[in-house]
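The file query_10.pdb contains PDB, C-alpha atoms and all ligand atoms:
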ATOM      1  CA  MET A   1     -17.658   7.998  36.542
ATOM      2  CA  ALA A   2     -20.056  10.885  35.937
ATOM      3  CA  LYS A   3     -23.654   9.774  35.858
ATOM      4  CA  ILE A   4     -25.119  10.112  32.371
ATOM      5  CA  GLU A   5     -28.861  10.515  31.856
ATOM      6  CA  ARG A   6     -30.364   8.358  29.113
ATOM      7  CA  ASN A   7     -31.136  11.376  26.911
ATOM      8  CA  ASP A   8     -27.697  12.960  27.390
ATOM      9  CA  PRO A   9     -25.107  12.737  24.621
ATOM     10  CA  CYS A  10     -23.087   9.541  24.886
ATOM     11  CA  TRP A  11     -19.650   9.662  26.548
ATOM     12  CA  CYS A  12     -18.039   8.202  23.410
ATOM     13  CA  GLY A  13     -18.436  11.435  21.457
ATOM     14  CA  SER A  14     -20.720   9.963  18.782
ATOM     15  CA  GLY A  15     -23.240  12.752  19.339
ATOM     16  CA  LYS A  16     -25.965  10.128  19.734
ATOM     17  CA  LYS A  17     -28.159   9.956  22.831
ATOM     18  CA  TYR A  18     -26.667   7.695  25.488
ATOM     19  CA  LYS A  19     -29.695   5.384  25.399
ATOM     20  CA  TYR A  20     -29.173   4.727  21.688
ATOM     21  CA  CYS A  21     -25.405   4.440  21.999
ATOM     22  CA  HIS A  22     -23.280   2.967  24.827
ATOM     23  CA  GLU A  23     -25.981   2.419  27.483
ATOM     24  CA  ALA A  24     -26.306  -1.321  26.799
ATOM     25  CA  PHE A  25     -22.529  -1.565  26.474
ATOM     26  CA  ASP A  26     -22.043  -0.015  29.923
ATOM     27  CA  ALA A  27     -24.633  -2.364  31.416
ATOM     28  CA  LYS A  28     -22.789  -5.336  29.995
ATOM     29  CA  ILE A  29     -19.450  -4.107  31.351
ATOM     30  CA  ALA A  30     -21.066  -3.566  34.766
ATOM     31  CA  SER A  31     -22.446  -7.105  34.774
ATOM     32  CA  PHE A  32     -18.937  -8.533  34.303
ATOM     33  CA  GLN A  33     -17.538  -6.186  36.929
ATOM     34  CA  ALA A  34     -20.179  -7.432  39.360
ATOM     35  CA  LYS A  35     -18.752 -10.920  38.786
ATOM     36  CA  HIS A  36     -15.308  -9.559  39.773
ATOM     37  CA  HIS A  37     -13.817  -9.550  36.296
ATOM     38  CA  LYS A  38     -11.225  -6.938  35.367
ATOM     39  CA  VAL A  39     -12.992  -4.653  32.864
ATOM     40  CA  PRO A  40     -11.713  -1.961  30.482
ATOM     41  CA  ARG A  41     -11.983   1.685  31.463
ATOM     42  CA  ARG A  42     -13.843   4.011  29.118
ATOM     43  CA  ASP A  43     -10.612   5.571  27.926
ATOM     44  CA  MET A  44      -9.551   2.174  26.524
ATOM     45  CA  ILE A  45     -12.528   2.205  24.128
ATOM     46  CA  LYS A  46     -11.589   3.989  20.915
ATOM     47  CA  THR A  47     -14.178   5.978  18.980
ATOM     48  CA  PRO A  48     -14.754   5.347  15.253
ATOM     49  CA  GLU A  49     -12.977   8.651  14.480
ATOM     50  CA  GLN A  50      -9.941   7.657  16.535
ATOM     51  CA  ILE A  51      -9.890   4.236  14.874
ATOM     52  CA  GLU A  52      -9.794   5.863  11.430
ATOM     53  CA  LYS A  53      -6.834   8.052  12.434
ATOM     54  CA  ILE A  54      -5.013   5.093  13.977
ATOM     55  CA  LYS A  55      -5.524   3.121  10.750
ATOM     56  CA  GLU A  56      -3.819   5.936   8.801
ATOM     57  CA  SER A  57      -0.828   5.593  11.100
ATOM     58  CA  CYS A  58      -0.872   1.805  10.587
ATOM     59  CA  LYS A  59      -0.647   2.280   6.805
ATOM     60  CA  ILE A  60       2.788   3.862   7.225
ATOM     61  CA  ASN A  61       3.940   1.175   9.629
ATOM     62  CA  ILE A  62       2.891  -1.587   7.231
ATOM     63  CA  ALA A  63       4.464   0.173   4.226
ATOM     64  CA  VAL A  64       7.757   0.583   6.073
ATOM     65  CA  LEU A  65       7.874  -3.090   7.083
ATOM     66  CA  ASP A  66       6.924  -4.111   3.521
ATOM     67  CA  GLU A  67       9.866  -2.053   2.260
ATOM     68  CA  ILE A  68      12.257  -3.658   4.762
ATOM     69  CA  GLU A  69      10.991  -7.050   3.610
ATOM     70  CA  LYS A  70      11.922  -6.121   0.026
ATOM     71  CA  VAL A  71      15.391  -4.762   0.669
ATOM     72  CA  ILE A  72      16.739  -6.770   3.605
ATOM     73  CA  HIS A  73      19.757  -8.887   2.648
ATOM     74  CA  GLU A  74      22.887 -10.593   3.819
ATOM     75  CA  GLY A  75      25.726  -8.079   4.209
ATOM     76  CA  MET A  76      23.412  -5.196   5.167
ATOM     77  CA  SER A  77      23.904  -3.474   8.521
ATOM     78  CA  THR A  78      21.048  -2.884  10.925
ATOM     79  CA  ALA A  79      21.998   0.827  10.850
ATOM     80  CA  GLU A  80      20.921   0.797   7.193
ATOM     81  CA  ILE A  81      17.537  -0.574   8.285
ATOM     82  CA  ASP A  82      17.274   2.244  10.831
ATOM     83  CA  LYS A  83      17.933   4.827   8.116
ATOM     84  CA  ILE A  84      15.337   3.343   5.776
ATOM     85  CA  VAL A  85      12.759   3.371   8.570
ATOM     86  CA  TYR A  86      13.533   6.989   9.443
ATOM     87  CA  ASP A  87      13.546   8.217   5.845
ATOM     88  CA  MET A  88      10.437   6.390   4.737
ATOM     89  CA  THR A  89       8.397   7.214   7.847
ATOM     90  CA  THR A  90       9.211  10.918   7.675
ATOM     91  CA  ASP A  91       8.710  11.032   3.874
ATOM     92  CA  MET A  92       5.191   9.715   4.484
ATOM     93  CA  GLY A  93       4.541  12.437   7.060
ATOM     94  CA  GLY A  94       5.056  10.323  10.178
ATOM     95  CA  ILE A  95       7.502  10.194  13.070
ATOM     96  CA  PRO A  96       9.245   6.980  14.134
ATOM     97  CA  ALA A  97       7.742   6.412  17.597
ATOM     98  CA  PRO A  98      10.844   4.780  19.159
ATOM     99  CA  LEU A  99      13.088   7.786  18.413
ATOM    100  CA  ASN A 100      13.737   9.526  21.754
ATOM    101  CA  TYR A 101      11.019   7.453  23.434
ATOM    102  CA  GLU A 102      12.214   7.334  27.046
ATOM    103  CA  GLY A 103      15.680   7.992  25.691
ATOM    104  CA  PHE A 104      15.679   5.258  23.021
ATOM    105  CA  PRO A 105      18.217   6.574  20.489
ATOM    106  CA  TYR A 106      17.028   5.005  17.196
ATOM    107  CA  SER A 107      14.004   4.898  14.878
ATOM    108  CA  VAL A 108      13.462   1.148  15.061
ATOM    109  CA  CYS A 109      14.381  -1.866  17.204
ATOM    110  CA  THR A 110      16.415  -4.573  15.455
ATOM    111  CA  SER A 111      16.849  -7.687  17.603
ATOM    112  CA  LEU A 112      19.178 -10.402  16.346
ATOM    113  CA  ASN A 113      19.224 -14.113  17.282
ATOM    114  CA  SER A 114      19.514 -14.320  21.106
ATOM    115  CA  GLN A 115      18.497 -10.684  21.435
ATOM    116  CA  VAL A 116      14.921 -10.713  22.676
ATOM    117  CA  CYS A 117      13.859  -7.119  21.977
ATOM    118  CA  HIS A 118      14.860  -3.426  21.922
ATOM    119  CA  GLY A 119      18.020  -4.163  19.933
ATOM    120  CA  PHE A 120      19.980  -1.060  18.859
ATOM    121  CA  PRO A 121      20.562  -0.783  15.128
ATOM    122  CA  SER A 122      24.305  -0.526  14.460
ATOM    123  CA  LYS A 123      26.704  -0.177  11.556
ATOM    124  CA  ASN A 124      28.691  -2.940  13.253
ATOM    125  CA  VAL A 125      25.844  -5.451  13.097
ATOM    126  CA  ILE A 126      26.119  -6.902   9.603
ATOM    127  CA  LEU A 127      23.461  -9.451   8.690
ATOM    128  CA  LYS A 128      24.894 -12.817   7.798
ATOM    129  CA  SER A 129      23.472 -16.041   6.465
ATOM    130  CA  GLY A 130      21.720 -17.983   9.201
ATOM    131  CA  ASP A 131      20.630 -14.926  11.222
ATOM    132  CA  ILE A 132      17.098 -14.374  12.418
ATOM    133  CA  LEU A 133      16.165 -10.743  12.954
ATOM    134  CA  ASN A 134      13.159  -8.988  14.441
ATOM    135  CA  VAL A 135      12.410  -5.527  13.058
ATOM    136  CA  ASP A 136      10.022  -3.696  15.385
ATOM    137  CA  CYS A 137       8.540  -0.631  13.791
ATOM    138  CA  SER A 138       6.269   2.002  15.346
ATOM    139  CA  THR A 139       4.845   5.179  13.857
ATOM    140  CA  ILE A 140       3.226   8.380  15.062
ATOM    141  CA  LEU A 141       0.967  10.099  12.511
ATOM    142  CA  ASN A 142      -0.925  13.227  13.552
ATOM    143  CA  GLY A 143      -0.542  12.070  17.152
ATOM    144  CA  TYR A 144      -1.857   8.530  16.541
ATOM    145  CA  PHE A 145       0.320   5.470  17.150
ATOM    146  CA  SER A 146       0.869   2.176  15.362
ATOM    147  CA  ASP A 147       3.203  -0.660  16.315
ATOM    148  CA  SER A 148       4.069  -4.006  14.714
ATOM    149  CA  SER A 149       7.055  -6.226  14.084
ATOM    150  CA  ARG A 150       8.156  -9.038  11.803
ATOM    151  CA  MET A 151      10.888 -11.641  11.730
ATOM    152  CA  PHE A 152      13.301 -11.972   8.835
ATOM    153  CA  CYS A 153      15.359 -15.054   8.010
ATOM    154  CA  ILE A 154      18.673 -14.127   6.381
ATOM    155  CA  GLY A 155      20.098 -16.540   3.815
ATOM    156  CA  ASP A 156      20.388 -20.122   4.921
ATOM    157  CA  VAL A 157      18.660 -20.375   8.301
ATOM    158  CA  SER A 158      18.805 -23.675  10.215
ATOM    159  CA  PRO A 159      15.633 -25.775  10.318
ATOM    160  CA  ALA A 160      15.526 -25.269  14.103
ATOM    161  CA  ASP A 161      15.572 -21.470  13.825
ATOM    162  CA  ARG A 162      13.109 -21.493  10.935
ATOM    163  CA  LYS A 163      10.763 -23.527  13.089
ATOM    164  CA  LEU A 164      11.152 -21.083  15.998
ATOM    165  CA  VAL A 165      10.241 -18.197  13.705
ATOM    166  CA  GLU A 166       7.248 -20.047  12.198
ATOM    167  CA  VAL A 167       5.870 -21.337  15.499
ATOM    168  CA  THR A 168       6.116 -17.836  16.987
ATOM    169  CA  ARG A 169       4.055 -16.500  14.097
ATOM    170  CA  GLU A 170       1.543 -19.305  14.643
ATOM    171  CA  CYS A 171       1.385 -18.345  18.335
ATOM    172  CA  VAL A 172       0.236 -14.855  17.368
ATOM    173  CA  TYR A 173      -2.456 -16.289  15.100
ATOM    174  CA  LYS A 174      -3.628 -18.781  17.729
ATOM    175  CA  GLY A 175      -3.932 -15.847  20.130
ATOM    176  CA  LEU A 176      -5.699 -13.729  17.544
ATOM    177  CA  GLU A 177      -8.390 -16.386  17.031
ATOM    178  CA  GLU A 178      -9.392 -15.836  20.666
ATOM    179  CA  VAL A 179      -9.875 -12.085  20.312
ATOM    180  CA  LYS A 180     -13.585 -11.326  20.364
ATOM    181  CA  PRO A 181     -15.940  -9.060  22.302
ATOM    182  CA  TRP A 182     -16.922 -10.323  25.752
ATOM    183  CA  GLY A 183     -14.066 -12.810  25.788
ATOM    184  CA  PHE A 184     -10.997 -12.346  27.976
ATOM    185  CA  LEU A 185      -7.406 -11.360  27.428
ATOM    186  CA  GLY A 186      -6.485 -14.615  29.173
ATOM    187  CA  ASP A 187      -8.161 -16.630  26.367
ATOM    188  CA  MET A 188      -5.620 -15.075  24.020
ATOM    189  CA  GLY A 189      -2.701 -15.414  26.456
ATOM    190  CA  GLN A 190      -3.272 -19.077  27.121
ATOM    191  CA  ALA A 191      -3.592 -19.882  23.402
ATOM    192  CA  VAL A 192      -0.233 -18.211  22.727
ATOM    193  CA  HIS A 193       1.471 -19.899  25.638
ATOM    194  CA  ASP A 194       0.033 -23.366  24.959
ATOM    195  CA  HIS A 195       1.192 -23.368  21.346
ATOM    196  CA  ALA A 196       4.730 -22.272  22.260
ATOM    197  CA  PHE A 197       4.880 -24.817  25.074
ATOM    198  CA  ALA A 198       3.554 -27.652  22.865
ATOM    199  CA  ASN A 199       6.520 -26.998  20.567
ATOM    200  CA  GLY A 200       9.046 -27.097  23.397
ATOM    201  CA  TYR A 201       9.495 -23.332  23.631
ATOM    202  CA  THR A 202       9.039 -20.797  26.416
ATOM    203  CA  VAL A 203       7.430 -17.352  26.390
ATOM    204  CA  VAL A 204       9.121 -14.339  27.992
ATOM    205  CA  ARG A 205       7.179 -13.341  31.093
ATOM    206  CA  GLU A 206       8.404  -9.835  31.907
ATOM    207  CA  ILE A 207       7.711  -8.083  28.612
ATOM    208  CA  GLY A 208       4.288  -8.048  27.027
ATOM    209  CA  GLY A 209       2.004  -6.331  24.590
ATOM    210  CA  HIS A 210      -0.033  -3.248  25.340
ATOM    211  CA  GLY A 211      -2.924  -1.034  24.456
ATOM    212  CA  VAL A 212      -1.918   1.394  21.707
ATOM    213  CA  GLY A 213      -3.329   4.154  19.527
ATOM    214  CA  LEU A 214      -3.555   7.415  21.446
ATOM    215  CA  GLU A 215      -0.233   6.681  23.168
ATOM    216  CA  PHE A 216       2.629   4.312  22.342
ATOM    217  CA  HIS A 217       1.986   2.137  25.389
ATOM    218  CA  GLU A 218      -1.435   2.181  27.024
ATOM    219  CA  ASP A 219      -3.336  -0.150  29.334
ATOM    220  CA  PRO A 220      -3.958  -3.021  29.324
ATOM    221  CA  TRP A 221      -0.636  -4.793  29.705
ATOM    222  CA  VAL A 222      -0.830  -7.939  27.570
ATOM    223  CA  GLY A 223       0.887 -11.027  28.985
ATOM    224  CA  TYR A 224       0.836 -14.654  27.873
ATOM    225  CA  ASN A 225       0.985 -16.421  31.197
ATOM    226  CA  THR A 226      -2.684 -15.862  31.819
ATOM    227  CA  LYS A 227      -5.422 -18.446  31.877
ATOM    228  CA  ARG A 228      -8.563 -18.763  29.788
ATOM    229  CA  GLY A 229     -11.497 -16.863  31.321
ATOM    230  CA  THR A 230      -9.217 -14.554  33.330
ATOM    231  CA  ASP A 231      -7.532 -11.188  32.897
ATOM    232  CA  MET A 232      -9.265  -8.214  31.296
ATOM    233  CA  LEU A 233     -12.633  -8.458  29.587
ATOM    234  CA  LEU A 234     -12.461  -7.612  25.868
ATOM    235  CA  ALA A 235     -14.948  -5.070  24.544
ATOM    236  CA  PRO A 236     -15.515  -3.528  21.097
ATOM    237  CA  GLY A 237     -13.263  -0.524  20.510
ATOM    238  CA  MET A 238     -10.237  -1.836  22.404
ATOM    239  CA  ILE A 239      -6.946  -1.856  20.482
ATOM    240  CA  PHE A 240      -3.893  -3.724  21.699
ATOM    241  CA  THR A 241      -0.836  -5.592  20.474
ATOM    242  CA  ILE A 242      -0.114  -9.315  20.567
ATOM    243  CA  GLU A 243       3.672  -9.627  20.556
ATOM    244  CA  PRO A 244       4.984 -12.732  22.288
ATOM    245  CA  MET A 245       8.717 -13.212  22.579
ATOM    246  CA  VAL A 246       9.294 -16.936  22.215
ATOM    247  CA  ASN A 247      12.581 -18.507  23.310
ATOM    248  CA  ALA A 248      14.053 -21.761  22.046
ATOM    249  CA  GLY A 249      15.499 -22.315  25.538
ATOM    250  CA  LYS A 250      14.510 -21.022  28.964
ATOM    251  CA  ALA A 251      12.206 -18.058  29.465
ATOM    252  CA  ASP A 252      14.695 -16.025  31.523
ATOM    253  CA  VAL A 253      16.019 -12.805  30.040
ATOM    254  CA  TYR A 254      18.272  -9.956  31.114
ATOM    255  CA  THR A 255      18.776  -6.352  30.073
ATOM    256  CA  THR A 256      22.333  -5.382  29.266
ATOM    257  CA  VAL A 257      23.899  -2.830  31.652
ATOM    258  CA  LYS A 258      25.687  -1.379  28.623
ATOM    259  CA  ASN A 259      22.662   0.694  27.609
ATOM    260  CA  ASP A 260      19.825  -0.514  29.835
ATOM    261  CA  TRP A 261      17.668  -1.298  26.760
ATOM    262  CA  GLU A 262      18.763  -4.361  24.858
ATOM    263  CA  VAL A 263      17.261  -7.595  26.198
ATOM    264  CA  TYR A 264      18.864 -11.035  25.688
ATOM    265  CA  THR A 265      17.983 -14.593  26.632
ATOM    266  CA  ARG A 266      19.869 -15.602  29.753
ATOM    267  CA  ASP A 267      20.869 -19.011  28.355
ATOM    268  CA  GLY A 268      21.952 -17.619  24.986
ATOM    269  CA  SER A 269      19.219 -19.481  23.088
ATOM    270  CA  ASN A 270      17.573 -17.760  20.146
ATOM    271  CA  SER A 271      14.367 -15.777  20.513
ATOM    272  CA  ALA A 272      11.692 -14.800  17.995
ATOM    273  CA  GLN A 273       8.854 -12.273  18.063
ATOM    274  CA  TRP A 274       6.047 -11.156  15.784
ATOM    275  CA  GLU A 275       3.802  -8.259  16.730
ATOM    276  CA  ILE A 276       0.372  -7.374  15.418
ATOM    277  CA  MET A 277      -2.057  -4.669  16.421
ATOM    278  CA  VAL A 278      -5.668  -5.767  16.774
ATOM    279  CA  LEU A 279      -9.018  -4.008  17.198
ATOM    280  CA  VAL A 280     -11.862  -5.737  19.031
ATOM    281  CA  THR A 281     -14.986  -5.293  16.883
ATOM    282  CA  GLU A 282     -18.700  -5.958  17.504
ATOM    283  CA  THR A 283     -18.382  -9.367  15.867
ATOM    284  CA  GLY A 284     -14.780 -10.425  16.438
ATOM    285  CA  HIS A 285     -11.602  -8.590  15.590
ATOM    286  CA  GLU A 286      -9.755  -6.718  12.882
ATOM    287  CA  VAL A 287      -5.982  -6.787  12.448
ATOM    288  CA  LEU A 288      -4.855  -3.165  11.992
ATOM    289  CA  CYS A 289      -1.135  -3.628  11.638
ATOM    290  CA  TRP A 290       1.198  -6.563  11.086
TER     291      TRP A 290
HETATM  292  N1  LIG A 301       8.010  -1.370  19.654
HETATM  293  C1  LIG A 301       8.162  -1.868  21.004
HETATM  294  C2  LIG A 301       6.844  -2.522  21.386
HETATM  295  O1  LIG A 301       6.437  -3.369  20.703
HETATM  296  C3  LIG A 301       8.499  -0.789  21.948
HETATM  297  C4  LIG A 301       9.859  -0.410  21.893
HETATM  298  S1  LIG A 301      10.154   0.857  22.966
HETATM  299  C5  LIG A 301      11.427   1.551  22.188
HETATM  300  O2  LIG A 301       6.189  -2.193  22.315
HETATM  301  F1  LIG A 301      11.694   2.646  22.777
HETATM  302  F2  LIG A 301      12.439   0.682  22.246
HETATM  303  F3  LIG A 301      11.106   1.755  20.956
HETATM  304 CO    CO A 302       4.446  -3.144  20.982
END

Encoded form using structure tokens:
Amino acid sequence: MAKIERNDPCWCGSGKKYKYCHEAFDAKIASFQAKHHKVPRRDMIKTPEQIEKIKESCKINIAVLDEIEKVIHEGMSTAEIDKIVYDMTTDMGGIPAPLNYEGFPYSVCTSLNSQVCHGFPSKNVILKSGDILNVDCSTILNGYFSDSSRMFCIGDVSPADRKLVEVTRECVYKGLEEVKPWGFLGDMGQAVHDHAFANGYTVVREIGGHGVGLEFHEDPWVGYNTKRGTDMLLAPGMIFTIEPMVNAGKADVYTTVKNDWEVYTRDGSNSAQWEIMVLVTETGHEVLCW
């Protein structure tokens, strides 16, 4: 890292002198690093201007998911959901982030029942009573990214599946409560994992959340098999997702060879996921997208 003099402009782009801006912040980060903690790089700390732009992107993502919530119904195909996401996102001036992302061929991921994530929308997947569906929506607006997902219960869902969906949402909120400056990503991860485990569920190990905002997927990688007081230090200005995939059965998953995207539970048990995007603030956190 380039050495900054105290009277130089701060590295964050605020225009303020370093000594009045991020000098104390850097000292704090260095003190954790000296104790061998994993600490965020400077490029993981968003500036206030970037945060504003990211929030604009989030507005589209939230509006699109709100619309899906209104119109989703038994008898609808997941291809129809894909079309609504594409049309609404582009009408609002955005681009669906999944479309053509590393070859992903649709505007949204729709993952049904034992599908864990990255489900392909299809005209052949018709929602029926008793289904649980994750709709994972991501938007690019003026180059800034947002990402969140919700579960939808179609018609008459069994008490067991309803509970899976509800507990998974609770897991996200338990994790969120742990997000604060100078805490650790592992505080969040353990809270998520403990709540799932206490309810007899497992959490998928291989696929996690991520930093987001300037890119679709940034560092840090966000897992849920971490322990309190470990993993990356949290500092104001970091933005990442909390998006645990919770399985009713075993944690093992596989990716279908058919398209190398769609992930399923190995034992065929159902899986639920909610995803929120959170900003670490000076005093705690702010949910940007849900
Ligand atoms: N939206 C997913 C996430 O939460 C990413 C999906 S990648 C895609 O990180 F290409 F399938 F869209
Ligand atoms: Co995500």

Contacts of His193 in chain A at 8 Å or less, counting all atoms listed in the file, minus same-chain residues fewer than 5 places along, as a ChimeraX atom specification? /A:171,202-203,224-225

Could you write out as number ranges by chain the residues that the PyMOL selection byres (((chain A and resi 206) around 12) and not hetatm) matches in the shown file? A: 116-117, 203-205, 207-209, 221-225, 244-245, 251-255, 263, 265

Best match for closeness to ligand CO 302 (chain A) among A:Val125, A:Cys289, A:Ile132, A:Ala160, counting all atoms listed in the file: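 Going through A:Val125, A:Cys289, A:Ile132, A:Ala160 one by one, the smallest distance to ligand CO 302 (chain A) is for A:Cys289.
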
Per-residue nearest contacts of chain A to ligand CO 302 (chain A) (9 Å; all atoms listed in the file) as a tab-separated table:
residue	atom	partner	partner_atom	distance
A:Asp136	CA	A:CO302	CO	7.9
A:Cys137	CA	A:CO302	CO	8.6
A:Ser138	CA	A:CO302	CO	7.8
A:Ser146	CA	A:CO302	CO	8.5
A:Asp147	CA	A:CO302	CO	5.4
A:Ser148	CA	A:CO302	CO	6.3
A:Ser149	CA	A:CO302	CO	8.0
A:Gly208	CA	A:CO302	CO	7.8
A:Gly209	CA	A:CO302	CO	5.4
A:His210	CA	A:CO302	CO	6.3
A:Gly211	CA	A:CO302	CO	8.4
A:Val212	CA	A:CO302	CO	7.8
A:Phe216	CA	A:CO302	CO	7.8
A:His217	CA	A:CO302	CO	7.3
A:Phe240	CA	A:CO302	CO	8.4
A:Thr241	CA	A:CO302	CO	5.8
A:Ile242	CA	A:CO302	CO	7.7
A:Glu243	CA	A:CO302	CO	6.5
A:Glu275	CA	A:CO302	CO	6.7
A:Ile276	CA	A:CO302	CO	8.1
A:Met277	CA	A:CO302	CO	8.1

Would you save the residues of that selection, restricted to C-alpha atoms, as a tab-separated table (two decimals), keeping the file's coordinate frame?
chain	number	residue	atom	x	y	z
A	136	ASP	CA	10.02	-3.70	15.38
A	137	CYS	CA	8.54	-0.63	13.79
A	138	SER	CA	6.27	2.00	15.35
A	146	SER	CA	0.87	2.18	15.36
A	147	ASP	CA	3.20	-0.66	16.32
A	148	SER	CA	4.07	-4.01	14.71
A	149	SER	CA	7.06	-6.23	14.08
A	208	GLY	CA	4.29	-8.05	27.03
A	209	GLY	CA	2.00	-6.33	24.59
A	210	HIS	CA	-0.03	-3.25	25.34
A	211	GLY	CA	-2.92	-1.03	24.46
A	212	VAL	CA	-1.92	1.39	21.71
A	216	PHE	CA	2.63	4.31	22.34
A	217	HIS	CA	1.99	2.14	25.39
A	240	PHE	CA	-3.89	-3.72	21.70
A	241	THR	CA	-0.84	-5.59	20.47
A	242	ILE	CA	-0.11	-9.32	20.57
A	243	GLU	CA	3.67	-9.63	20.56
A	275	GLU	CA	3.80	-8.26	16.73
A	276	ILE	CA	0.37	-7.37	15.42
A	277	MET	CA	-2.06	-4.67	16.42

Of the candidates A:Leu133, A:Val192, A:Ile60, A:Cys10, which one gets nearest to Leu112 in chain A if we count only C-alpha atoms?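 When distances to Leu112 in chain A are compared using only C-alpha atoms, the smallest one comes from A:Leu133.
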
Pick from A:His118, A:Arg162, A:Lys258, A:Lys250: nearest to ligand LIG 301 (chain A), with all atoms listed in the file counted?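 Answer, going by the shortest atom-to-atom distance: A:His118.
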
What is the CA of Thr110 in chain A-CA of Ala79 in chain A distance in Å, reported with one decimal?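 Taking CA of Thr110 in chain A and CA of Ala79 in chain A, their separation equals 9.0 Å.
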